[in-house]
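As structure tokens, the structure follows; a few thoughts come after it.
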Amino acid sequence: MNTPYVPTEAERDLLDTARRVLGVNLSELLLSGLGEPHHPRRFFTARSIRAHGPGLMHHLEVVSETEEGLPGGRDPLVMAALLHLLWTGERGRDEVVFRDEMLLERLSWPDTPDSRLSIGEAVERYYSTAYCRKSTEPMGAGGGERRSSHVQKLVPGYETTVEMISGPPKEVRKSTVVQFTTKLIEEVSGTEKYFLGIDFERLEGLQLIPPGDHHVAGS
């Protein structure tokens, strides 16, 4: 069994900010994997809250498009820092521009080659991650059910630029642009938290399906 990751105070502040903006349910999905291995897939189930009658049953799947696996380890901390830059950046933009040293300062991580590598690998894994929803809904007295599906990325693109300064002194400058899904800020800035075409604030019982029980999510 993996030992739970214990965030530092700075990391906890970033995670708490992300949860306040995204809401508990959506943050559980988008920041899943902290301290975990880089699994190829994760499954969640949840049901929509409705005033009358049963809500829709949702099966949520997070899928890696590469052999590198899903975000895990400290990757969600990098995403929490990137989201903080998005919330505090220029309004109306769906991207953040940063240098590694700026993000390392936000995370309170030491400026080492391993730390910089962790940032780059986290960005790559989120870019290679797709979020999928399949939902079923009873059709009432006539019988049968209605099914719907939705696929979305949190990070649809990114760009890196490296400048080699010959000096003296010699210097390497790297900047990264991370593009977020269109209108993410608008979709989550109010009381409703929309992603995958549904309001995550109107979900109950969002549950991560443990590895080995994935057949439950697809049933």
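Identifiers in this document derive from the order of the structure tokens: chains are assigned A, B, ..., residues are numbered from 1 separately in each chain, and ligands are numbered from 1 in order of occurrence.
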>> Can you tell me which residues surround Leu154 (chain A) at a distance of at most 9 Å, considering only C-alpha atoms, apart from same-chain residues fewer than 2 positions away, and format the answer as a VMD selection string?
In response: chain A and resid 30 126 to 127 129 to 131 152 156 179 to 182 184
Take the selection from the previous step and output its residues with all heavy atoms, as an mmCIF file, in the first residue's frame.
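Contents of out04.cif, as written:
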```cif
data_model
loop_
_atom_site.group_PDB
_atom_site.id
_atom_site.type_symbol
_atom_site.label_atom_id
_atom_site.label_comp_id
_atom_site.auth_asym_id
_atom_site.auth_seq_id
_atom_site.Cartn_x
_atom_site.Cartn_y
_atom_site.Cartn_z
ATOM 1 N N LEU A 30 -9.974 16.398 -11.288
ATOM 2 C CA LEU A 30 -8.884 17.021 -12.031
ATOM 3 C C LEU A 30 -7.543 16.955 -11.314
ATOM 4 O O LEU A 30 -6.495 17.006 -11.959
ATOM 5 C CB LEU A 30 -9.231 18.478 -12.336
ATOM 6 C CG LEU A 30 -10.475 18.701 -13.214
ATOM 7 C CD1 LEU A 30 -10.656 20.189 -13.499
ATOM 8 C CD2 LEU A 30 -10.377 17.917 -14.522
ATOM 9 N N TYR A 126 -0.465 15.848 -18.284
ATOM 10 C CA TYR A 126 -1.805 16.449 -18.352
ATOM 11 C C TYR A 126 -2.233 16.684 -19.797
ATOM 12 O O TYR A 126 -3.411 16.530 -20.133
ATOM 13 C CB TYR A 126 -1.850 17.750 -17.551
ATOM 14 C CG TYR A 126 -2.078 17.512 -16.076
ATOM 15 C CD1 TYR A 126 -1.031 17.577 -15.167
ATOM 16 C CD2 TYR A 126 -3.339 17.184 -15.598
ATOM 17 C CE1 TYR A 126 -1.231 17.333 -13.818
ATOM 18 C CE2 TYR A 126 -3.553 16.928 -14.250
ATOM 19 C CZ TYR A 126 -2.493 17.006 -13.366
ATOM 20 O OH TYR A 126 -2.708 16.739 -12.036
ATOM 21 N N TYR A 127 -1.275 17.033 -20.642
ATOM 22 C CA TYR A 127 -1.598 17.183 -22.065
ATOM 23 C C TYR A 127 -2.054 15.853 -22.661
ATOM 24 O O TYR A 127 -2.931 15.821 -23.538
ATOM 25 C CB TYR A 127 -0.373 17.705 -22.822
ATOM 26 C CG TYR A 127 -0.492 17.580 -24.315
ATOM 27 C CD1 TYR A 127 -1.385 18.364 -25.034
ATOM 28 C CD2 TYR A 127 0.281 16.650 -25.012
ATOM 29 C CE1 TYR A 127 -1.497 18.241 -26.420
ATOM 30 C CE2 TYR A 127 0.178 16.516 -26.380
ATOM 31 C CZ TYR A 127 -0.717 17.312 -27.083
ATOM 32 O OH TYR A 127 -0.832 17.171 -28.437
ATOM 33 N N THR A 129 -3.688 13.502 -21.199
ATOM 34 C CA THR A 129 -4.798 12.933 -20.432
ATOM 35 C C THR A 129 -6.135 13.387 -20.988
ATOM 36 O O THR A 129 -6.342 14.578 -21.242
ATOM 37 C CB THR A 129 -4.694 13.361 -18.947
ATOM 38 O OG1 THR A 129 -3.501 12.807 -18.384
ATOM 39 C CG2 THR A 129 -5.895 12.877 -18.151
ATOM 40 N N ALA A 130 -7.037 12.441 -21.181
ATOM 41 C CA ALA A 130 -8.403 12.738 -21.621
ATOM 42 C C ALA A 130 -9.378 12.347 -20.519
ATOM 43 O O ALA A 130 -9.175 11.363 -19.807
ATOM 44 C CB ALA A 130 -8.734 11.980 -22.900
ATOM 45 N N TYR A 131 -10.440 13.130 -20.389
ATOM 46 C CA TYR A 131 -11.493 12.890 -19.399
ATOM 47 C C TYR A 131 -12.767 12.511 -20.158
ATOM 48 O O TYR A 131 -13.178 13.213 -21.085
ATOM 49 C CB TYR A 131 -11.730 14.133 -18.541
ATOM 50 C CG TYR A 131 -10.501 14.554 -17.772
ATOM 51 C CD1 TYR A 131 -9.523 15.359 -18.368
ATOM 52 C CD2 TYR A 131 -10.299 14.139 -16.463
ATOM 53 C CE1 TYR A 131 -8.377 15.731 -17.669
ATOM 54 C CE2 TYR A 131 -9.160 14.508 -15.751
ATOM 55 C CZ TYR A 131 -8.211 15.299 -16.366
ATOM 56 O OH TYR A 131 -7.078 15.662 -15.672
ATOM 57 N N GLN A 152 -13.326 15.302 -23.031
ATOM 58 C CA GLN A 152 -12.749 16.633 -22.923
ATOM 59 C C GLN A 152 -11.330 16.542 -22.376
ATOM 60 O O GLN A 152 -10.984 15.596 -21.662
ATOM 61 C CB GLN A 152 -13.607 17.504 -21.996
ATOM 62 C CG GLN A 152 -13.224 18.969 -21.944
ATOM 63 C CD GLN A 152 -14.244 19.787 -21.164
ATOM 64 O OE1 GLN A 152 -15.309 19.293 -20.781
ATOM 65 N NE2 GLN A 152 -13.934 21.052 -20.930
ATOM 66 N N PRO A 156 -5.401 21.099 -23.660
ATOM 67 C CA PRO A 156 -5.394 20.658 -25.069
ATOM 68 C C PRO A 156 -4.099 20.965 -25.811
ATOM 69 O O PRO A 156 -3.902 20.479 -26.922
ATOM 70 C CB PRO A 156 -6.565 21.434 -25.674
ATOM 71 C CG PRO A 156 -6.695 22.652 -24.830
ATOM 72 C CD PRO A 156 -6.288 22.255 -23.445
ATOM 73 N N GLN A 179 -1.997 25.735 -22.464
ATOM 74 C CA GLN A 179 -3.347 26.110 -22.890
ATOM 75 C C GLN A 179 -4.368 25.254 -22.134
ATOM 76 O O GLN A 179 -4.249 24.031 -22.104
ATOM 77 C CB GLN A 179 -3.503 25.895 -24.393
ATOM 78 C CG GLN A 179 -2.519 26.690 -25.231
ATOM 79 C CD GLN A 179 -2.443 26.201 -26.657
ATOM 80 O OE1 GLN A 179 -3.062 25.213 -27.029
ATOM 81 N NE2 GLN A 179 -1.650 26.890 -27.473
ATOM 82 N N PHE A 180 -5.357 25.913 -21.542
ATOM 83 C CA PHE A 180 -6.428 25.209 -20.841
ATOM 84 C C PHE A 180 -7.674 25.136 -21.716
ATOM 85 O O PHE A 180 -7.831 25.904 -22.658
ATOM 86 C CB PHE A 180 -6.750 25.905 -19.513
ATOM 87 C CG PHE A 180 -5.735 25.661 -18.444
ATOM 88 C CD1 PHE A 180 -4.641 26.501 -18.290
ATOM 89 C CD2 PHE A 180 -5.862 24.567 -17.594
ATOM 90 C CE1 PHE A 180 -3.694 26.274 -17.306
ATOM 91 C CE2 PHE A 180 -4.914 24.323 -16.601
ATOM 92 C CZ PHE A 180 -3.834 25.182 -16.463
ATOM 93 N N THR A 181 -8.545 24.192 -21.376
ATOM 94 C CA THR A 181 -9.783 24.043 -22.122
ATOM 95 C C THR A 181 -10.541 25.366 -22.160
ATOM 96 O O THR A 181 -10.543 26.133 -21.194
ATOM 97 C CB THR A 181 -10.658 22.935 -21.493
ATOM 98 O OG1 THR A 181 -11.816 22.734 -22.298
ATOM 99 C CG2 THR A 181 -11.077 23.294 -20.076
ATOM 100 N N THR A 182 -11.163 25.649 -23.291
ATOM 101 C CA THR A 182 -11.805 26.937 -23.530
ATOM 102 C C THR A 182 -12.823 27.280 -22.448
ATOM 103 O O THR A 182 -13.636 26.451 -22.057
ATOM 104 C CB THR A 182 -12.498 26.934 -24.897
ATOM 105 O OG1 THR A 182 -11.533 26.602 -25.904
ATOM 106 C CG2 THR A 182 -13.089 28.298 -25.216
ATOM 107 N N LEU A 184 -12.589 27.699 -19.286
ATOM 108 C CA LEU A 184 -12.565 26.982 -18.006
ATOM 109 C C LEU A 184 -12.908 27.919 -16.851
ATOM 110 O O LEU A 184 -13.699 27.560 -15.966
ATOM 111 C CB LEU A 184 -11.192 26.341 -17.781
ATOM 112 C CG LEU A 184 -11.008 25.651 -16.424
ATOM 113 C CD1 LEU A 184 -11.944 24.449 -16.312
ATOM 114 C CD2 LEU A 184 -9.560 25.204 -16.234
#
```
>> I need the strand (DSSP E) residues of region 43-210 of chain A per DSSP on the backbone, written as a ChimeraX atom specification.
In response: /A:43-48,57-64,95-99,129-138,145-152,157-165,171-179,194-195,198-199,203-209
Take the residues just selected and output them with C-alpha atoms as a PDB file, in the first residue's frame.
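Generated file (part01.pdb):
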```pdb
ATOM      1  CA  PHE A  43     -12.551   5.358 -12.948  1.00  0.00           C
ATOM      2  CA  PHE A  44     -15.145   7.271 -10.933  1.00  0.00           C
ATOM      3  CA  THR A  45     -18.891   6.941 -10.521  1.00  0.00           C
ATOM      4  CA  ALA A  46     -21.424   9.543  -9.381  1.00  0.00           C
ATOM      5  CA  ARG A  47     -25.120  10.355  -9.625  1.00  0.00           C
ATOM      6  CA  SER A  48     -26.694  13.710 -10.431  1.00  0.00           C
ATOM      7  CA  MET A  57     -25.733   7.788 -13.245  1.00  0.00           C
ATOM      8  CA  HIS A  58     -22.358   8.982 -14.523  1.00  0.00           C
ATOM      9  CA  HIS A  59     -19.319   6.821 -15.231  1.00  0.00           C
ATOM     10  CA  LEU A  60     -16.187   8.978 -15.430  1.00  0.00           C
ATOM     11  CA  GLU A  61     -12.921   7.721 -16.857  1.00  0.00           C
ATOM     12  CA  VAL A  62      -9.520   9.421 -16.912  1.00  0.00           C
ATOM     13  CA  VAL A  63      -7.341   7.966 -19.657  1.00  0.00           C
ATOM     14  CA  SER A  64      -3.674   8.397 -20.535  1.00  0.00           C
ATOM     15  CA  GLU A  95      -3.532  29.976 -21.079  1.00  0.00           C
ATOM     16  CA  VAL A  96      -0.680  30.641 -18.682  1.00  0.00           C
ATOM     17  CA  VAL A  97       2.902  31.564 -19.531  1.00  0.00           C
ATOM     18  CA  PHE A  98       5.613  30.759 -17.018  1.00  0.00           C
ATOM     19  CA  ARG A  99       9.295  30.127 -16.463  1.00  0.00           C
ATOM     20  CA  THR A 129      -4.798  12.933 -20.432  1.00  0.00           C
ATOM     21  CA  ALA A 130      -8.403  12.738 -21.621  1.00  0.00           C
ATOM     22  CA  TYR A 131     -11.493  12.890 -19.399  1.00  0.00           C
ATOM     23  CA  CYS A 132     -14.521  10.857 -20.488  1.00  0.00           C
ATOM     24  CA  ARG A 133     -18.103  10.753 -19.216  1.00  0.00           C
ATOM     25  CA  LYS A 134     -20.787   8.167 -19.982  1.00  0.00           C
ATOM     26  CA  SER A 135     -24.230   8.733 -18.482  1.00  0.00           C
ATOM     27  CA  THR A 136     -27.453   6.756 -18.337  1.00  0.00           C
ATOM     28  CA  GLU A 137     -30.918   8.035 -17.463  1.00  0.00           C
ATOM     29  CA  PRO A 138     -34.225   6.136 -17.095  1.00  0.00           C
ATOM     30  CA  GLU A 145     -32.925   4.538 -20.923  1.00  0.00           C
ATOM     31  CA  ARG A 146     -31.104   7.460 -22.501  1.00  0.00           C
ATOM     32  CA  ARG A 147     -27.327   7.350 -22.850  1.00  0.00           C
ATOM     33  CA  SER A 148     -24.909  10.205 -23.468  1.00  0.00           C
ATOM     34  CA  SER A 149     -21.139  10.623 -23.560  1.00  0.00           C
ATOM     35  CA  HIS A 150     -18.627  13.470 -23.526  1.00  0.00           C
ATOM     36  CA  VAL A 151     -14.834  13.625 -23.931  1.00  0.00           C
ATOM     37  CA  GLN A 152     -12.749  16.633 -22.923  1.00  0.00           C
ATOM     38  CA  GLY A 157      -1.971  22.079 -25.913  1.00  0.00           C
ATOM     39  CA  TYR A 158       1.308  23.518 -24.697  1.00  0.00           C
ATOM     40  CA  GLU A 159       4.439  25.125 -26.099  1.00  0.00           C
ATOM     41  CA  THR A 160       7.993  25.434 -24.780  1.00  0.00           C
ATOM     42  CA  THR A 161      10.721  27.852 -25.856  1.00  0.00           C
ATOM     43  CA  VAL A 162      14.372  27.503 -24.841  1.00  0.00           C
ATOM     44  CA  GLU A 163      16.862  30.323 -25.353  1.00  0.00           C
ATOM     45  CA  MET A 164      20.569  29.499 -25.208  1.00  0.00           C
ATOM     46  CA  ILE A 165      22.425  32.661 -24.172  1.00  0.00           C
ATOM     47  CA  GLU A 171      22.528  30.996 -19.620  1.00  0.00           C
ATOM     48  CA  VAL A 172      19.571  28.815 -20.594  1.00  0.00           C
ATOM     49  CA  ARG A 173      16.122  30.387 -20.436  1.00  0.00           C
ATOM     50  CA  LYS A 174      13.007  28.267 -20.802  1.00  0.00           C
ATOM     51  CA  SER A 175       9.414  29.453 -20.974  1.00  0.00           C
ATOM     52  CA  THR A 176       6.246  27.369 -21.282  1.00  0.00           C
ATOM     53  CA  VAL A 177       2.756  28.218 -22.472  1.00  0.00           C
ATOM     54  CA  VAL A 178       0.033  25.892 -21.174  1.00  0.00           C
ATOM     55  CA  GLN A 179      -3.347  26.110 -22.890  1.00  0.00           C
ATOM     56  CA  TYR A 194     -19.119  22.678 -15.351  1.00  0.00           C
ATOM     57  CA  PHE A 195     -16.790  20.150 -16.953  1.00  0.00           C
ATOM     58  CA  ILE A 198     -22.259  18.493 -16.360  1.00  0.00           C
ATOM     59  CA  ASP A 199     -22.374  20.569 -13.170  1.00  0.00           C
ATOM     60  CA  LEU A 203     -23.197  15.297  -8.147  1.00  0.00           C
ATOM     61  CA  GLU A 204     -23.429  13.096  -5.083  1.00  0.00           C
ATOM     62  CA  GLY A 205     -21.302  10.157  -4.128  1.00  0.00           C
ATOM     63  CA  LEU A 206     -18.383  10.837  -6.467  1.00  0.00           C
ATOM     64  CA  GLN A 207     -16.396   7.667  -5.895  1.00  0.00           C
ATOM     65  CA  LEU A 208     -13.003   6.528  -7.149  1.00  0.00           C
ATOM     66  CA  ILE A 209     -13.154   2.892  -8.219  1.00  0.00           C
TER      67      ILE A 209
END
```
> Which residue out of A:Gly23, A:Thr3, A:Ser189, A:Ala18 has the minimum interatomic distance to Ala80 (chain A) when only C-alpha atoms are used?
Replying inline: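 Using only C-alpha atoms, Ala80 (chain A) sits closest to A:Ala18.
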>> Please return, as a VMD selection string, all residues of chain A that DSSP assigns to alpha helix (DSSP H) on the basis of the backbone.
In response: chain A and resid 9 to 22 24 to 30 75 to 88 100 to 107 113 to 127 184 to 188 214 to 217
Any chance you could tabulate, as JSON lines, the residues of region 81-101 of chain A at most 9 Å from region 7-15 of chain A with each one's nearest atom pair and distance in Å to one decimal, using only C-alpha atoms, in chain and rising number order?
```
{"residue": "A:Ala81", "atom": "CA", "partner": "A:Leu14", "partner_atom": "CA", "distance": 6.1}
{"residue": "A:Leu83", "atom": "CA", "partner": "A:Leu14", "partner_atom": "CA", "distance": 8.8}
{"residue": "A:His84", "atom": "CA", "partner": "A:Leu14", "partner_atom": "CA", "distance": 7.1}
```
Selection above as a file: all heavy atoms, as a compact mmCIF listing (two decimals), in the first residue's frame:
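This went into again-v4.txt:
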```
# COMPACT_ATOMS: atom_id res chain seq x y z
N ALA A 81 -0.61 24.64 -9.04
CA ALA A 81 0.14 25.89 -9.22
C ALA A 81 -0.21 26.55 -10.55
O ALA A 81 -0.35 27.78 -10.64
CB ALA A 81 1.64 25.61 -9.13
N LEU A 83 -3.06 26.24 -12.19
CA LEU A 83 -4.41 26.78 -12.05
C LEU A 83 -4.40 28.08 -11.26
O LEU A 83 -5.16 29.01 -11.57
CB LEU A 83 -5.32 25.75 -11.38
CG LEU A 83 -5.69 24.54 -12.23
CD1 LEU A 83 -6.41 23.49 -11.39
CD2 LEU A 83 -6.57 24.95 -13.41
N HIS A 84 -3.53 28.17 -10.27
CA HIS A 84 -3.42 29.42 -9.51
C HIS A 84 -2.97 30.55 -10.42
O HIS A 84 -3.48 31.68 -10.34
CB HIS A 84 -2.43 29.24 -8.35
CG HIS A 84 -2.39 30.40 -7.41
ND1 HIS A 84 -1.54 31.48 -7.60
CD2 HIS A 84 -3.09 30.68 -6.28
CE1 HIS A 84 -1.71 32.35 -6.64
NE2 HIS A 84 -2.65 31.90 -5.82
```
> So, counting only C-alpha atoms, which residue among A:Leu31, A:Gly120, A:Arg93, A:Ile49 is closest to Phe200 (chain A)?
Replying inline: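 Among A:Leu31, A:Gly120, A:Arg93, A:Ile49, it is A:Ile49 that comes nearest to Phe200 (chain A).
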>> Can you measure CA of Glu68 (chain A) to CA of Pro110 (chain A) for me? One decimal in Å is fine.
In response: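 Atom-to-atom, CA of Glu68 (chain A) and CA of Pro110 (chain A) are spaced 24.3 Å apart.
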>> Using only C-alpha atoms, can you tell me which of A:Gly197, A:Leu26, A:Ile119, A:Leu56 comes closest to Leu104 (chain A)?
In response: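 When distances to Leu104 (chain A) are compared using only C-alpha atoms, the smallest one comes from A:Ile119.
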> Near Ser118 (chain A), within 12 Å and counting only C-alpha atoms, which residues show up once chain neighbours fewer than 4 positions away are dropped, as a VMD selection string?
Replying inline: chain A and resid 71 to 79 100 103 to 104 107 109 to 114 122 to 125
